[in-house]
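Some notes on the structure that comes next.
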Amino acid sequence: MPTFHSIAVIGAGAWGTALAEVAVRAGRTVTLYARDAGHAARIASSRENPRLPGVKLSEEIAVTHDLAHAARADAMLIVTPAQHLRGAANALAPHLRAGTPVIACAKGIEHGTHRFMTEVIAEAAPQARPAILSGPSFADDVARGLPTAVTLAARDDALARELVQALGSSTFRPYHTTDVRGVEIGGAAKNVLAIAAGIVVGRRLGASAQAALITRGFAELSRFGRAFGARPETLVGLSGLGDLILTCDSPQSRNFALGAALGRGEPKPAGKLAEGESTAPVLVELAASQKVDMPVSQAAAAILGGALTIDAAIEGLLTRPFKAEE
């Protein structure tokens with residue numbers, strides 16, 4: 001039987017709301033925390049999150065603006081953008097009991113510190129037991145109970161197994177691993193590559209170019225992962241290759257949509273946060289520190305930063321010296 005009977009979801013965006021539904025389907029007692037009191041009140045009264053339209057919130061989910069109340073749960077899903085994770089963990093830390101699992105549900109690397117998500121939690125809330133949830137999933141699919149498989153990683157295998165039991169159901173299947181770094185790298189790197197794939201589609205470079213982009217992008221992800229100690233089986237699993245395939249060819253992906261807009265010469269989609277945009281410069285800085293060759297990611301970062309035009313980036317990739325497949 002799962003040890004964690006109650007789950008708090010910290011962050012009432014679309015993904016947080018979807019994960020609250022996941023926890024209810026798994027039979028947990030669920031609290032959904034919204035930082036904004038008005039947002040919490042609207043969700044509680046209407047039983048619908050305007051950020052996830054058309055999905056009715058289960059009556060079993062309690063919605064609160066009281067962080068101390070939410071922190072009484074047995075385990076936390078912290079569902080904020082990667083660059084806001086430290087602030088959320090700092091706010092949560094004074095209310096946490098020692099040993100409470102805190103599961104990061106963001107895909108990225110922190111600016112300035114170059115910290116991965118579980119490292120941010122460990123620094124901001126040292127009494128917590130960090131974990132990470134990642135994999136091919138869209139909030140709308142998950143909220144509606146469509147079949148989804150993801151990866152949940154914690155350094156303690158027993159903890160990872162218990163958390164999987166606490167969240168898994170007939171429609172949501174988490175696989176557990178202790179390869180925390182591999183899961184974090186897969187989620188962060190694929191967001192950048194999804195932007196690059198969107199640029200290819202928006203520029204109408206064709207299916208052959210898109211296939212080349214995905215395969216060469218995965219080669220980069222694998223090189224980066226190996227340099228930082230990730231296991232090969234994790235990189236070809238759900239949180240690596242699986243997530244990359246999903247988000248490199250789907251308009252539901254905010255990263256892909258951003259790239260597609262750039263490829264068409266359009267402004268960035270308004271009000272849509274694409275985690276890959278903030279991850280790109282950090283990813284290439286880390287790659288350079290370990291002398292990892294990541295030309296696709298570097299090109300994406302240069303385009304996003306305004307250092308290269310799309311045409312110049314494409315020319316640079318196509319005129320690189322010929323080399324053996326890897």
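By convention here, the chains of the structure tokens are called A, B, ... in the order presented, each chain's residues are numbered starting at 1, and ligands are numbered starting at 1 in the order presented.
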### Residues near Gln83 of chain A, cut-off 9 Å, only C-alpha atoms, skip fewer than 4 positions along chain, as a PyMOL selection string
chain A and resi 87+108-111+275+278
### Query
Skipping near chain neighbours, those fewer than 2 positions away, what residues fall within 10 Å of Met117 of chain A using only C-alpha atoms, listed as a PyMOL selection string?
chain A and resi 82-83+85-86+103-110+114-115+119-122+130-132+180-181+184-185+188
Using only N, CA, C and O atoms, please write the residues we just selected to a file, as a tab-separated table (two decimals), in the first residue's frame.
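That gives us selection.tsv:
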```tsv
chain	number	residue	atom	x	y	z
A	82	ALA	N	10.22	26.42	-14.45
A	82	ALA	CA	11.54	26.10	-13.92
A	82	ALA	C	12.22	27.31	-13.26
A	82	ALA	O	12.83	27.18	-12.19
A	83	GLN	N	12.08	28.49	-13.86
A	83	GLN	CA	12.77	29.66	-13.31
A	83	GLN	C	12.08	30.23	-12.08
A	83	GLN	O	12.61	31.13	-11.43
A	85	LEU	N	10.88	27.95	-9.71
A	85	LEU	CA	10.87	26.84	-8.76
A	85	LEU	C	11.51	27.22	-7.43
A	85	LEU	O	11.00	26.89	-6.36
A	86	ARG	N	12.64	27.92	-7.48
A	86	ARG	CA	13.33	28.26	-6.24
A	86	ARG	C	12.44	29.13	-5.34
A	86	ARG	O	12.36	28.91	-4.13
A	103	ILE	N	8.21	16.83	-5.31
A	103	ILE	CA	8.44	16.35	-6.67
A	103	ILE	C	8.38	17.54	-7.64
A	103	ILE	O	7.34	18.18	-7.78
A	104	ALA	N	9.48	17.84	-8.29
A	104	ALA	CA	9.51	18.90	-9.29
A	104	ALA	C	8.81	18.41	-10.55
A	104	ALA	O	9.05	17.29	-11.01
A	105	CYS	N	7.95	19.25	-11.11
A	105	CYS	CA	7.22	18.89	-12.32
A	105	CYS	C	7.52	19.87	-13.46
A	105	CYS	O	6.72	20.01	-14.39
A	106	ALA	N	8.65	20.55	-13.37
A	106	ALA	CA	9.10	21.48	-14.40
A	106	ALA	C	10.28	20.87	-15.14
A	106	ALA	O	11.01	20.04	-14.58
A	107	LYS	N	10.48	21.32	-16.38
A	107	LYS	CA	11.57	20.81	-17.21
A	107	LYS	C	12.47	21.98	-17.57
A	107	LYS	O	12.11	22.81	-18.41
A	108	GLY	N	13.63	22.05	-16.92
A	108	GLY	CA	14.52	23.16	-17.22
A	108	GLY	C	15.76	23.14	-16.36
A	108	GLY	O	15.98	22.21	-15.58
A	109	ILE	N	16.58	24.17	-16.51
A	109	ILE	CA	17.81	24.37	-15.75
A	109	ILE	C	17.80	25.82	-15.29
A	109	ILE	O	17.50	26.73	-16.07
A	110	GLU	N	18.13	26.05	-14.03
A	110	GLU	CA	18.02	27.39	-13.47
A	110	GLU	C	19.09	28.33	-14.03
A	110	GLU	O	20.27	27.97	-14.09
A	114	HIS	N	22.94	27.33	-12.88
A	114	HIS	CA	23.07	26.11	-13.67
A	114	HIS	C	22.59	24.88	-12.89
A	114	HIS	O	23.03	23.76	-13.16
A	115	ARG	N	21.69	25.08	-11.95
A	115	ARG	CA	21.18	23.97	-11.13
A	115	ARG	C	20.01	23.28	-11.84
A	115	ARG	O	19.15	23.91	-12.44
A	119	GLU	N	18.17	19.83	-7.61
A	119	GLU	CA	19.20	20.57	-6.89
A	119	GLU	C	18.63	21.86	-6.31
A	119	GLU	O	18.98	22.28	-5.20
A	120	VAL	N	17.74	22.50	-7.07
A	120	VAL	CA	17.09	23.72	-6.58
A	120	VAL	C	16.27	23.40	-5.33
A	120	VAL	O	16.33	24.12	-4.32
A	121	ILE	N	15.51	22.32	-5.37
A	121	ILE	CA	14.69	21.93	-4.21
A	121	ILE	C	15.58	21.63	-3.02
A	121	ILE	O	15.31	22.06	-1.89
A	122	ALA	N	16.68	20.90	-3.24
A	122	ALA	CA	17.58	20.53	-2.14
A	122	ALA	C	18.18	21.76	-1.47
A	122	ALA	O	18.38	21.78	-0.25
A	130	PRO	N	13.88	15.42	-2.50
A	130	PRO	CA	13.56	15.83	-3.87
A	130	PRO	C	13.32	14.65	-4.80
A	130	PRO	O	13.92	13.58	-4.67
A	131	ALA	N	12.43	14.87	-5.77
A	131	ALA	CA	12.17	13.92	-6.84
A	131	ALA	C	11.79	14.73	-8.07
A	131	ALA	O	11.62	15.95	-8.01
A	132	ILE	N	11.67	14.03	-9.22
A	132	ILE	CA	11.35	14.72	-10.47
A	132	ILE	C	10.37	13.87	-11.27
A	132	ILE	O	10.51	12.65	-11.34
A	180	VAL	N	18.01	10.32	-11.55
A	180	VAL	CA	17.44	11.66	-11.47
A	180	VAL	C	18.01	12.58	-12.54
A	180	VAL	O	17.28	13.28	-13.25
A	181	ARG	N	19.33	12.56	-12.70
A	181	ARG	CA	19.96	13.46	-13.66
A	181	ARG	C	19.52	13.15	-15.09
A	181	ARG	O	19.29	14.07	-15.89
A	184	GLU	N	16.10	14.65	-15.63
A	184	GLU	CA	16.18	16.11	-15.70
A	184	GLU	C	16.77	16.59	-17.02
A	184	GLU	O	16.28	17.56	-17.62
A	185	ILE	N	17.80	15.91	-17.49
A	185	ILE	CA	18.44	16.30	-18.74
A	185	ILE	C	17.49	16.07	-19.92
A	185	ILE	O	17.37	16.92	-20.81
A	188	ALA	N	14.83	18.86	-19.97
A	188	ALA	CA	15.35	20.19	-20.29
A	188	ALA	C	15.82	20.29	-21.74
A	188	ALA	O	15.47	21.24	-22.45
```
Residues near Gly54 of chain A, anyone? I mean within 12 Å using only C-alpha atoms, not counting same-chain ones fewer than 5 positions away, as a short mmCIF file (atom, residue, chain, number, x, y, z; two decimals) with N, CA, C and O atoms, in the first residue's frame.
```
data_model
loop_
_atom_site.label_atom_id
_atom_site.label_comp_id
_atom_site.auth_asym_id
_atom_site.auth_seq_id
_atom_site.Cartn_x
_atom_site.Cartn_y
_atom_site.Cartn_z
N ALA A 14 -2.47 24.95 -15.70
CA ALA A 14 -3.07 23.82 -16.41
C ALA A 14 -2.45 22.49 -15.99
O ALA A 14 -3.15 21.51 -15.70
N SER A 46 -16.27 27.65 -9.30
CA SER A 46 -16.73 27.19 -10.61
C SER A 46 -16.39 25.73 -10.88
O SER A 46 -16.96 25.13 -11.79
N ARG A 47 -15.45 25.19 -10.11
CA ARG A 47 -14.90 23.84 -10.33
C ARG A 47 -14.32 23.72 -11.74
O ARG A 47 -14.35 22.66 -12.36
N GLU A 48 -13.76 24.82 -12.22
CA GLU A 48 -13.09 24.80 -13.51
C GLU A 48 -11.95 25.81 -13.48
O GLU A 48 -12.09 26.91 -12.94
N ASN A 49 -10.80 25.42 -14.04
CA ASN A 49 -9.65 26.31 -14.13
C ASN A 49 -9.66 26.98 -15.49
O ASN A 49 -9.62 26.30 -16.52
N ASP A 140 -4.01 18.83 -21.08
CA ASP A 140 -5.39 18.53 -21.46
C ASP A 140 -5.64 17.03 -21.56
O ASP A 140 -6.66 16.53 -21.07
N ASP A 141 -4.70 16.29 -22.16
CA ASP A 141 -4.83 14.84 -22.26
C ASP A 141 -4.89 14.20 -20.88
O ASP A 141 -5.74 13.34 -20.60
N ALA A 143 -5.58 15.60 -17.93
CA ALA A 143 -6.76 16.01 -17.15
C ALA A 143 -7.99 15.23 -17.57
O ALA A 143 -8.85 14.92 -16.73
N ARG A 144 -8.10 14.90 -18.84
CA ARG A 144 -9.26 14.18 -19.34
C ARG A 144 -9.16 12.67 -19.15
O ARG A 144 -10.06 11.93 -19.57
#
```
### Query
Looking at A:Ala12, A:Ala71, A:Ala18, A:Val150, which one is nearest to Asp243 of chain A, with distances taken over only C-alpha atoms?
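When distances to Asp243 of chain A are compared using only C-alpha atoms, the smallest one comes from A:Val150.
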### Task
Considering only C-alpha atoms, return as a PyMOL selection string whatever protein or nucleic-acid residues lie within 9 Å of segment 34-42 of chain A, sequence-local ones (same chain, fewer than 2 positions apart) excluded.
chain A and resi 9-13+32+44-50+63-67
### Query
Taking only C-alpha atoms into account, which of A:Ala212, A:Ile61, A:Val55, A:Leu205 comes nearest Thr31 of chain A?
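Among the listed residues, A:Ile61 lies closest to Thr31 of chain A.
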### Task
Mind the document's chain letters and residue numbers, and return as a list in words the residues of segment 45-166 of chain A that DSSP labels strand (DSSP E).
Ala62, Val63, Thr64, Ala75, Met76, Leu77, Ile78, Pro101, Val102, Ile103, Ala104, Arg129, Pro130, Ala131, Ile132, Leu133, Ser134, Thr148, Ala149, Val150, Thr151, Leu152 and Ala153 of chain A
#### Entry: segment 106-313 of chain A: residues DSSP assigns to helix (DSSP H, G or I), reported as a VMD selection string
chain A and resid 117 to 124 139 to 143 157 to 167 180 to 202 207 to 227 232 to 235 238 to 247 254 to 263 275 to 289 295 to 304 310 to 313
### Query
Pick the closest to Lys291 of chain A from A:Glu233, A:Glu220, A:Glu123, A:Asp157: which is it, counting only C-alpha atoms?
A:Glu220
#### Entry: Contacts of Leu273 of chain A at 10 Å (only C-alpha atoms; same-chain gap of 4+ positions) as an NGL selection string
:A and (81 or 254-255 or 258 or 268-269 or 277-278)
Produce a file of the selected residues containing N, CA, C and O atoms, as a CSV table (one decimal), in the first residue's frame.
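Dumped everything to selection34.csv:
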```
chain,number,residue,atom,x,y,z
A,81,PRO,N,6.9,27.0,-13.3
A,81,PRO,CA,7.9,27.1,-14.3
A,81,PRO,C,9.3,26.9,-13.7
A,81,PRO,O,9.5,27.3,-12.5
A,254,ARG,N,4.2,24.0,-26.4
A,254,ARG,CA,4.5,25.5,-26.5
A,254,ARG,C,5.8,25.8,-27.1
A,254,ARG,O,6.0,26.8,-27.7
A,255,ASN,N,6.8,24.8,-26.8
A,255,ASN,CA,8.1,25.0,-27.4
A,255,ASN,C,8.1,24.9,-28.9
A,255,ASN,O,8.6,25.7,-29.7
A,258,LEU,N,6.3,27.9,-30.4
A,258,LEU,CA,7.2,29.1,-30.5
A,258,LEU,C,8.1,29.0,-31.7
A,258,LEU,O,8.3,29.9,-32.5
A,268,LYS,N,6.4,36.0,-31.3
A,268,LYS,CA,6.2,34.9,-30.4
A,268,LYS,C,4.8,34.8,-29.9
A,268,LYS,O,4.1,35.9,-29.8
A,269,PRO,N,4.2,33.6,-29.7
A,269,PRO,CA,2.8,33.5,-29.3
A,269,PRO,C,2.7,34.2,-27.9
A,269,PRO,O,3.4,34.0,-27.0
A,277,GLU,N,12.8,28.3,-24.2
A,277,GLU,CA,13.4,29.6,-24.5
A,277,GLU,C,14.4,30.0,-23.4
A,277,GLU,O,15.5,30.6,-23.6
A,278,SER,N,14.0,29.8,-22.1
A,278,SER,CA,14.9,30.2,-21.0
A,278,SER,C,16.0,29.1,-20.8
A,278,SER,O,17.0,29.4,-20.2
```
### Query
With distances taken over only C-alpha atoms, which of A:Ala20, A:Ala73, A:Ala324, A:Cys248 is nearest to Gly99 of chain A?
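Of all the options, A:Ala73 lies closest to Gly99 of chain A.
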### Selected residue, from A:His84, A:Val24, A:Ala89, A:Thr279, that lies nearest to Ser58 of chain A when counting only C-alpha atoms
A:Val24
### Task
Could you give me, as a ChimeraX atom specification, the residues within 12 Å of Ile303 of chain A, counting only C-alpha atoms and dropping anything in the same chain fewer than 4 positions from it?
/A:192,195-196,199,258-259,262-263,265,277,280-281,296-299,307-314
### Task
Take atom CA of Gln290 of chain A and atom CA of Leu241 of chain A and report the distance between them in Å, one decimal.
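Going from atom CA of Gln290 of chain A over to atom CA of Leu241 of chain A covers 21.9 Å.
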### Query
Skipping near chain neighbours, those fewer than 6 positions away, what residues fall within 8 Å of Val22 of chain A using only C-alpha atoms, listed as a PyMOL selection string?
chain A and resi 142-143+145+167-169+172
Those selected residues, please, written with N, CA, C and O atoms and delivered as a PDB file, in the first residue's frame.
```pdb
ATOM      1  N   VAL A 142      -3.981  14.617 -20.006  1.00  0.00           N
ATOM      2  CA  VAL A 142      -3.882  14.033 -18.681  1.00  0.00           C
ATOM      3  C   VAL A 142      -5.127  14.355 -17.851  1.00  0.00           C
ATOM      4  O   VAL A 142      -5.689  13.498 -17.172  1.00  0.00           O
ATOM      5  N   ALA A 143      -5.576  15.602 -17.926  1.00  0.00           N
ATOM      6  CA  ALA A 143      -6.756  16.009 -17.154  1.00  0.00           C
ATOM      7  C   ALA A 143      -7.992  15.234 -17.571  1.00  0.00           C
ATOM      8  O   ALA A 143      -8.854  14.921 -16.733  1.00  0.00           O
ATOM      9  N   GLY A 145      -8.053  12.226 -18.590  1.00  0.00           N
ATOM     10  CA  GLY A 145      -7.898  10.802 -18.324  1.00  0.00           C
ATOM     11  C   GLY A 145      -7.477   9.979 -19.518  1.00  0.00           C
ATOM     12  O   GLY A 145      -7.687   8.759 -19.537  1.00  0.00           O
ATOM     13  N   LEU A 167       0.708   7.683  -7.196  1.00  0.00           N
ATOM     14  CA  LEU A 167       0.188   8.494  -8.291  1.00  0.00           C
ATOM     15  C   LEU A 167      -0.352   7.685  -9.468  1.00  0.00           C
ATOM     16  O   LEU A 167      -1.104   8.215 -10.288  1.00  0.00           O
ATOM     17  N   GLY A 168       0.024   6.424  -9.557  1.00  0.00           N
ATOM     18  CA  GLY A 168      -0.354   5.630 -10.714  1.00  0.00           C
ATOM     19  C   GLY A 168      -1.810   5.196 -10.689  1.00  0.00           C
ATOM     20  O   GLY A 168      -2.408   4.998  -9.633  1.00  0.00           O
ATOM     21  N   SER A 169      -2.388   5.062 -11.894  1.00  0.00           N
ATOM     22  CA  SER A 169      -3.766   4.595 -12.031  1.00  0.00           C
ATOM     23  C   SER A 169      -3.893   3.881 -13.372  1.00  0.00           C
ATOM     24  O   SER A 169      -2.901   3.709 -14.096  1.00  0.00           O
ATOM     25  N   PHE A 172      -2.864   6.635 -15.929  1.00  0.00           N
ATOM     26  CA  PHE A 172      -1.614   7.374 -15.723  1.00  0.00           C
ATOM     27  C   PHE A 172      -0.585   6.403 -15.169  1.00  0.00           C
ATOM     28  O   PHE A 172      -0.701   5.943 -14.031  1.00  0.00           O
TER      29      PHE A 172
END
```
